[in-house]
Structures are given as structure tokens and as C-alpha cells.
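One file, data-v9.tsv, carrying TSV, C-alpha atoms:
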```tsv
chain	number	residue	atom	x	y	z
D	30	MET	CA	0.00	0.00	0.00
D	31	HIS	CA	1.26	3.48	-0.85
D	32	GLY	CA	3.04	5.16	2.07
D	33	GLN	CA	3.29	1.98	4.12
D	34	VAL	CA	6.72	1.41	5.68
D	35	GLN	CA	8.05	-2.00	4.69
D	36	PRO	CA	9.77	-4.15	7.34
D	37	HIS	CA	13.52	-4.62	7.10
D	38	PRO	CA	14.29	-7.50	4.69
D	39	LEU	CA	16.01	-9.52	7.43
D	40	LEU	CA	12.98	-9.14	9.71
D	41	ARG	CA	10.66	-10.22	6.89
D	42	LYS	CA	12.79	-13.30	6.25
D	43	LEU	CA	13.19	-14.37	9.89
D	44	GLU	CA	9.50	-13.81	10.61
D	45	SER	CA	8.61	-16.09	7.71
D	46	ILE	CA	10.21	-18.99	9.57
D	47	ALA	CA	9.78	-18.08	13.26
D	48	ASP	CA	8.12	-15.67	15.70
D	49	LEU	CA	10.21	-12.73	16.93
D	50	SER	CA	9.70	-10.76	20.12
D	51	ASP	CA	9.80	-6.95	20.04
D	52	GLU	CA	13.15	-7.10	21.82
D	53	GLU	CA	14.55	-9.46	19.19
D	54	ARG	CA	13.29	-7.22	16.38
D	55	GLN	CA	15.01	-4.21	17.91
D	56	ALA	CA	18.23	-6.20	18.38
D	57	ILE	CA	18.19	-7.15	14.68
D	58	LEU	CA	17.62	-3.55	13.65
D	59	ALA	CA	20.49	-2.41	15.89
D	60	LEU	CA	23.03	-4.60	14.09
D	61	PRO	CA	25.75	-2.55	12.36
D	62	MET	CA	25.36	-2.95	8.61
D	63	ASN	CA	27.66	-1.57	5.94
D	64	VAL	CA	25.61	-1.33	2.75
D	65	ARG	CA	27.28	-1.71	-0.64
D	66	VAL	CA	25.86	-1.92	-4.14
D	67	PHE	CA	27.30	-4.68	-6.32
D	68	GLU	CA	26.83	-4.62	-10.06
D	69	ALA	CA	25.45	-7.67	-11.85
D	70	LYS	CA	27.77	-10.68	-12.08
D	71	SER	CA	30.00	-9.47	-9.23
D	72	ASP	CA	31.43	-11.66	-6.48
D	73	ILE	CA	30.41	-10.78	-2.94
D	74	VAL	CA	32.66	-13.42	-1.42
D	75	ARG	CA	34.97	-15.82	-3.27
D	76	ASP	CA	36.00	-19.43	-2.94
D	77	ALA	CA	38.95	-19.70	-0.46
D	78	ASP	CA	38.20	-16.29	1.12
D	79	ARG	CA	38.33	-15.94	4.91
D	80	PRO	CA	35.46	-13.48	5.52
D	81	SER	CA	35.07	-11.56	8.76
D	82	ASP	CA	31.46	-10.65	8.10
D	83	CYS	CA	28.28	-12.08	6.61
D	84	ALA	CA	26.44	-10.73	3.58
D	85	LEU	CA	22.73	-9.93	3.86
D	86	VAL	CA	20.81	-9.45	0.61
D	87	LEU	CA	18.78	-6.23	0.87
D	88	ASP	CA	17.75	-5.97	-2.76
D	89	GLY	CA	18.51	-7.95	-5.89
D	90	PHE	CA	19.17	-11.58	-6.73
D	91	VAL	CA	22.20	-13.60	-5.63
D	92	CYS	CA	23.54	-17.11	-6.19
D	93	ARG	CA	25.86	-19.56	-4.50
D	94	TYR	CA	28.14	-21.25	-7.02
D	95	LYS	CA	31.28	-23.27	-7.64
D	96	ILE	CA	33.59	-23.10	-10.66
D	97	LEU	CA	34.94	-26.44	-11.84
D	98	PRO	CA	38.57	-26.80	-13.00
D	99	ASP	CA	37.44	-26.73	-16.65
D	100	GLY	CA	35.61	-23.43	-16.11
D	101	ARG	CA	32.07	-24.75	-15.94
D	102	ARG	CA	29.86	-23.29	-13.20
D	103	GLN	CA	27.39	-25.05	-10.93
D	104	ILE	CA	24.88	-22.79	-9.18
D	105	MET	CA	23.82	-24.37	-5.89
D	106	GLY	CA	21.19	-21.92	-4.73
D	107	PHE	CA	19.40	-18.66	-5.45
D	108	TYR	CA	19.09	-16.04	-2.70
D	109	ILE	CA	16.58	-13.23	-2.38
D	110	PRO	CA	16.20	-10.15	-0.16
D	111	GLY	CA	16.40	-11.12	3.51
D	112	ASP	CA	18.70	-14.10	2.90
D	113	ILE	CA	22.22	-14.43	4.30
D	114	PRO	CA	23.79	-16.89	1.85
D	115	ASP	CA	27.15	-17.09	3.67
D	116	LEU	CA	25.85	-17.45	7.23
D	117	GLN	CA	27.97	-20.59	7.59
D	118	SER	CA	31.10	-18.40	7.47
D	119	LEU	CA	30.39	-17.68	11.14
D	120	HIS	CA	31.65	-21.18	11.89
D	121	LEU	CA	33.59	-22.26	8.78
D	122	GLN	CA	36.66	-20.07	8.43
D	123	VAL	CA	37.40	-20.70	4.74
D	124	MET	CA	34.81	-20.38	1.97
D	125	ASP	CA	34.53	-23.53	-0.17
D	126	HIS	CA	32.43	-21.80	-2.85
D	127	SER	CA	31.59	-18.30	-4.08
D	128	VAL	CA	28.57	-16.05	-3.65
D	129	GLY	CA	27.81	-13.57	-6.42
D	130	THR	CA	25.14	-11.28	-7.82
D	131	LEU	CA	23.02	-12.07	-10.85
D	132	VAL	CA	21.64	-8.52	-11.08
D	133	ARG	CA	22.60	-5.20	-9.50
D	134	SER	CA	22.13	-5.86	-5.80
D	135	SER	CA	22.33	-4.05	-2.47
D	136	ILE	CA	24.24	-6.05	0.11
D	137	ALA	CA	24.66	-5.29	3.82
D	138	THR	CA	27.74	-6.76	5.46
D	139	ILE	CA	27.40	-7.61	9.16
D	140	PRO	CA	30.60	-8.29	11.18
D	141	HIS	CA	30.85	-11.80	12.60
D	142	GLN	CA	31.68	-10.33	15.98
D	143	ASN	CA	28.37	-8.48	16.14
D	144	LEU	CA	26.39	-11.51	15.02
D	145	ARG	CA	28.05	-13.63	17.71
D	146	GLU	CA	27.29	-11.00	20.36
D	147	LEU	CA	23.68	-10.85	19.16
D	148	MET	CA	23.31	-14.60	19.53
D	149	ARG	CA	24.96	-14.66	22.97
D	150	HIS	CA	22.59	-12.00	24.29
D	151	HIS	CA	19.53	-13.38	22.49
D	152	PRO	CA	19.56	-17.21	22.54
D	153	GLY	CA	16.20	-17.25	20.76
D	154	LEU	CA	17.76	-15.49	17.77
D	155	ALA	CA	20.65	-17.97	17.83
D	156	GLU	CA	18.06	-20.76	17.44
D	157	ILE	CA	16.33	-18.91	14.59
D	158	PHE	CA	19.60	-18.41	12.68
D	159	TRP	CA	20.40	-22.09	13.25
D	160	ARG	CA	16.95	-22.93	11.90
D	161	ASP	CA	17.66	-20.78	8.84
D	162	SER	CA	20.90	-22.71	8.20
D	163	LEU	CA	19.04	-26.01	8.50
D	164	ILE	CA	16.41	-24.81	6.01
D	165	ASP	CA	19.19	-23.87	3.60
D	166	ALA	CA	20.50	-27.44	3.93
D	167	ALA	CA	16.97	-28.78	3.31
D	168	MET	CA	16.77	-26.75	0.08
D	169	PHE	CA	20.13	-28.16	-0.99
D	170	ARG	CA	18.84	-31.72	-0.41
D	171	GLU	CA	15.78	-30.97	-2.53
D	172	TRP	CA	18.00	-29.61	-5.32
D	173	MET	CA	20.05	-32.83	-5.14
D	174	ILE	CA	16.88	-34.90	-5.59
D	175	GLY	CA	15.99	-32.77	-8.59
D	176	MET	CA	19.39	-33.16	-10.21
D	177	GLY	CA	19.44	-36.91	-9.63
D	178	ARG	CA	15.88	-38.07	-10.06
D	179	ARG	CA	13.58	-35.49	-11.66
D	180	THR	CA	13.22	-34.97	-15.38
D	181	ALA	CA	14.43	-31.67	-16.82
D	182	PHE	CA	10.78	-30.61	-17.16
D	183	GLN	CA	9.97	-31.41	-13.51
D	184	ARG	CA	13.24	-29.96	-12.25
D	185	THR	CA	12.60	-26.64	-13.94
D	186	ALA	CA	8.99	-26.49	-12.78
D	187	HIS	CA	10.08	-27.34	-9.23
D	188	LEU	CA	12.60	-24.49	-9.14
D	189	LEU	CA	9.98	-22.03	-10.38
D	190	CYS	CA	7.61	-23.25	-7.66
D	191	GLU	CA	10.29	-22.92	-4.97
D	192	LEU	CA	11.10	-19.35	-5.92
D	193	HIS	CA	7.41	-18.43	-6.01
D	194	VAL	CA	6.80	-19.70	-2.48
D	195	ARG	CA	9.97	-18.16	-1.05
D	196	LEU	CA	9.36	-14.76	-2.65
D	197	ARG	CA	5.71	-14.72	-1.66
D	198	ALA	CA	6.55	-15.63	1.94
D	199	VAL	CA	8.51	-12.36	2.26
D	200	GLY	CA	6.05	-10.23	0.33
D	201	LEU	CA	7.97	-10.10	-2.95
D	202	ALA	CA	5.59	-12.05	-5.17
D	203	GLY	CA	1.91	-11.94	-5.99
D	204	ALA	CA	-0.44	-14.88	-6.01
D	205	ASP	CA	0.10	-15.44	-9.73
D	206	GLY	CA	3.75	-14.62	-10.37
D	207	TYR	CA	6.96	-12.75	-9.66
D	208	GLU	CA	9.97	-11.04	-11.18
D	209	LEU	CA	12.55	-13.59	-12.34
D	210	PRO	CA	15.77	-11.74	-13.27
D	211	VAL	CA	17.61	-14.91	-14.29
D	212	THR	CA	18.94	-15.74	-17.75
D	213	GLN	CA	18.47	-19.10	-19.42
D	214	ASN	CA	22.21	-19.66	-19.09
D	215	GLU	CA	21.97	-19.10	-15.31
D	216	LEU	CA	18.98	-21.43	-15.07
D	217	GLY	CA	21.04	-24.02	-16.94
D	218	ASP	CA	23.91	-23.65	-14.47
D	219	ALA	CA	21.45	-24.21	-11.62
D	220	LEU	CA	19.58	-27.10	-13.21
D	221	GLY	CA	22.51	-28.93	-14.81
D	222	LEU	CA	21.11	-28.32	-18.30
D	223	SER	CA	22.42	-26.73	-21.45
D	224	THR	CA	20.97	-23.37	-22.46
D	225	VAL	CA	19.35	-25.03	-25.48
D	226	HIS	CA	17.70	-27.60	-23.20
D	227	VAL	CA	16.47	-24.88	-20.80
D	228	ASN	CA	14.96	-23.00	-23.73
D	229	ARG	CA	13.15	-26.12	-24.91
D	230	VAL	CA	11.79	-26.89	-21.42
D	231	LEU	CA	10.54	-23.31	-20.94
D	232	GLN	CA	8.80	-23.52	-24.33
D	233	ASP	CA	7.14	-26.77	-23.22
D	234	LEU	CA	6.00	-25.18	-19.94
D	235	ARG	CA	4.56	-22.27	-21.92
D	236	SER	CA	2.83	-24.49	-24.47
D	237	GLU	CA	1.12	-26.44	-21.68
D	238	GLY	CA	-0.18	-23.19	-20.19
D	239	LEU	CA	1.82	-23.56	-16.97
D	240	ILE	CA	3.86	-20.34	-17.20
D	241	VAL	CA	4.05	-17.06	-19.08
D	242	LEU	CA	7.60	-15.65	-19.13
D	243	ARG	CA	7.96	-12.19	-20.59
D	244	GLY	CA	10.71	-9.62	-20.02
D	245	GLY	CA	11.97	-11.12	-16.78
D	246	SER	CA	8.46	-11.41	-15.35
D	247	LEU	CA	7.00	-14.85	-14.65
D	248	SER	CA	3.24	-15.39	-14.52
D	249	ILE	CA	1.71	-18.63	-13.30
D	250	PRO	CA	-1.80	-19.03	-14.77
D	251	ASP	CA	-2.54	-22.24	-12.83
D	252	TRP	CA	-0.52	-22.65	-9.64
D	253	GLU	CA	-2.04	-26.00	-8.72
D	254	ALA	CA	-1.24	-27.43	-12.16
D	255	LEU	CA	2.38	-26.24	-11.93
D	256	LYS	CA	2.71	-27.79	-8.46
D	257	ILE	CA	1.34	-31.11	-9.68
D	258	THR	CA	3.66	-31.09	-12.69
D	259	ALA	CA	6.68	-30.42	-10.46
D	260	GLU	CA	5.53	-32.79	-7.70
D	261	PHE	CA	6.20	-29.78	-5.48
D	262	ASP	CA	5.61	-29.90	-1.72
D	263	SER	CA	6.76	-26.78	0.14
D	264	ALA	CA	7.24	-28.64	3.46
D	265	TYR	CA	11.04	-28.63	3.02
D	266	LEU	CA	11.02	-24.82	3.19
D	267	HIS	CA	9.76	-25.05	6.79
D	268	LEU	CA	7.82	-21.80	6.62
D	269	LYS	CA	5.41	-20.72	9.32
D	270	ALA	CA	1.89	-22.08	8.79
D	271	LEU	CA	0.49	-18.88	7.27
D	272	ALA	CA	3.33	-18.52	4.78
D	273	ARG	CA	3.31	-22.23	3.93
D	274	ASP	CA	-0.30	-21.94	2.80
D	275	VAL	CA	0.94	-20.29	-0.41
D	276	GLY	CA	2.60	-23.57	-1.35
```
Can you turn what I pasted into C-alpha cells?
Amino acid sequence: MHGQVQPHPLLRKLESIADLSDEERQAILALPMNVRVFEAKSDIVRDADRPSDCALVLDGFVCRYKILPDGRRQIMGFYIPGDIPDLQSLHLQVMDHSVGTLVRSSIATIPHQNLRELMRHHPGLAEIFWRDSLIDAAMFREWMIGMGRRTAFQRTAHLLCELHVRLRAVGLAGADGYELPVTQNELGDALGLSTVHVNRVLQDLRSEGLIVLRGGSLSIPDWEALKITAEFDSAYLHLKALARDVG
């Protein structure tokens, strides 16, 4: 609604998976955050780095990826506003993959020291961040199932369903679609498919009336049909009951 103040992206994200007290909300908002704008296709943190802070996505679209010795890239997750894709760097000193932008993105860096202090003083928040890490692992397991056992058609449909539910849970998608600023090449890197194969699958999804993709905007004419096609069950996202209803 016009004039309405939107909650901080990190609050929106955490409240999609757990309840926060007023004190916990204020503690989150009091975290020191250094905001930087990264252009598209820029690394936020690189493989083998030893970061001293975590990166919170405020705006934009981010991916976790690994470059193979022959130069091929595997994308292992997409991250949206409110996500902290390198939260594990709090406990793992050396990065074993990279995190980079897909579009121009605003990123807030939060020092590890301040996050540790926050969790010491607010054990409930420590549990919520731990829950967030476990959900990230659950998404990774679901992606593994897709890569190993789903057809290219199902795998693509499943990813589109996942993004819809995650974006809608934090107020960034409507009931019938969302902005998808991802190229077919990037989808291929995430799905383990060639760009030609991705193009063919998207055409098939269009021809069956399951999606309309135009200018980076994805419309879903029949959500239930897309879910059935993908065999999608949002339980692995572990959203609060209200948010899970969108899936």
C-alpha cells in the first residue's frame, strides 16, 4: 500500500520462519550494517576467502556457485532479499564456494563479531539463525533430488515453484507470479542443463499453459497445475503455517 513502511528485509525473512519478540526485532535492527551496491555478475565473497562478516541481501538476486577446473559453473542456490547466503562463514573459516550477484544488488555486510554478540545476548535469535541454516540445507537436499531423479521438465517447474513460495513468503511475489531476473544460461547452471535444453523446457511449460515468461516477469496461470507437474511440496522450506499456505 502506498506510504506503508516496509519491514527490514532480514525481519521479513526471519519472521517467515519463526516468531520474533519486540526485543529481538530491535536487536536485529540495531546490528551494524555496511551497505554496498554490487553490479550484476560481481562476487560478494569468493572461494577460499576468509570473511570476517556475513552478507545480507537487501535488494537484488544472488547465487551460491562453484567453478569447476574446466571453467564450468554449478549454481547451488538462489538467494533473495532477507537471505544471508554465507551465514555458515560464522563457523567455517574458509569459503569452499563463491557467492555472487546475478543482477545489481544491495548487500549489507554484518561483522561476525556483532552476530556472535547478538546470539549470545539473544539465545532465541541464535536458534532462529540455526533454523535458517538447516532450512538452507533442506533446500540443498531438494535440489540434489531434482538433479538426480527429476526430469528436466519437472526440475525446472520445481525451481519455479520454490522461488514463487519463497518470494511470496517475504512479500515479494503476488499470487500469480513474480519477477525472475535470471537468464536461461543461469537457469542451466542451476539445473545442470544446457541453455538449449532450458529454452526447450521453458517452451514446453509455456505451451502447456503452466507459465508465461515475458521480459523477466514470470506469470503462473494455474498454480495447482504447476505444483502437480513439479511434484512440489513446500514442506522442506519449513515456513510458518500462514506462509506455507501459499505452497
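The nearest approach to His193 in chain D among the residues D:Leu231, D:Phe158, D:Ile174, D:Phe261, with all atoms listed in the file taken into account, belongs to D:Phe261.
Considering only C-alpha atoms, the residue among D:Val194, D:Leu216, D:Val74, D:Ala204 positioned nearest to Asn228 in chain D is D:Leu216.
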| request: Tell me which of D:Asp115, D:Glu215, D:Glu52, D:Asp99 sits closest to Lys70 in chain D, counting only C-alpha atoms. | output: D:Glu215
| task | Skip Leu147 in chain D itself and residues of its chain fewer than 2 positions away, then list as number ranges by chain all residues within 12 Å of it, counting all atoms listed in the file. | result | D: 52-61, 139-145, 149-158
| task | Extract, using only C-alpha atoms, all DNA, RNA and protein residues at most 9 Å from range 249-256 of chain D, discarding same-chain residues fewer than 2 positions from it, and format them as a ChimeraX atom specification. | result | /D:186-187,189-190,204-207,234,238-242,247,258-262,276
For C-alpha atoms, I'd like the residues from the last selection saved as a tab-separated table (two decimals), keeping the file's coordinate frame.
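Output file again.tsv follows:
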```tsv
chain	number	residue	atom	x	y	z
D	186	ALA	CA	8.99	-26.49	-12.78
D	187	HIS	CA	10.08	-27.34	-9.23
D	189	LEU	CA	9.98	-22.03	-10.38
D	190	CYS	CA	7.61	-23.25	-7.66
D	204	ALA	CA	-0.44	-14.88	-6.01
D	205	ASP	CA	0.10	-15.44	-9.73
D	206	GLY	CA	3.75	-14.62	-10.37
D	207	TYR	CA	6.96	-12.75	-9.66
D	234	LEU	CA	6.00	-25.18	-19.94
D	238	GLY	CA	-0.18	-23.19	-20.19
D	239	LEU	CA	1.82	-23.56	-16.97
D	240	ILE	CA	3.86	-20.34	-17.20
D	241	VAL	CA	4.05	-17.06	-19.08
D	242	LEU	CA	7.60	-15.65	-19.13
D	247	LEU	CA	7.00	-14.85	-14.65
D	258	THR	CA	3.66	-31.09	-12.69
D	259	ALA	CA	6.68	-30.42	-10.46
D	260	GLU	CA	5.53	-32.79	-7.70
D	261	PHE	CA	6.20	-29.78	-5.48
D	262	ASP	CA	5.61	-29.90	-1.72
D	276	GLY	CA	2.60	-23.57	-1.35
```
| remark: What separates CA of Ile136 in chain D and CA of Ser81 in chain D is a distance of 14.9 Å
| Mind pulling up the distance from CA of Gly245 in chain D to CA of Leu116 in chain D? | 28.4 Å
| note | Nearest to Ser127 in chain D, restricted to all atoms listed in the file and choosing among D:Met62, D:Met173, D:Ile164, D:Ala77, comes out as D:Ala77
| request: Rank nothing, just name the residue among D:His267, D:Arg101, D:His120, D:Arg93 nearest to Leu163 in chain D, using all atoms listed in the file. | output: D:His267
Using the file's own x, y and z axes, so that the box edges lie along x, y and z, what centre and edge lengths in Å (one decimal) does a box around every listed atom of range 111-130 of chain D get when 3 Å is added on each side? Give it as JSON.
```
{"center_x": 26.9, "center_y": -17.3, "center_z": 2.0, "size_x": 27.0, "size_y": 18.4, "size_z": 25.7}
```
| task | For CA of Trp172 in chain D and CA of Val225 in chain D, determine how far apart the two atoms are, in Å to one decimal place. | result | 20.7 Å
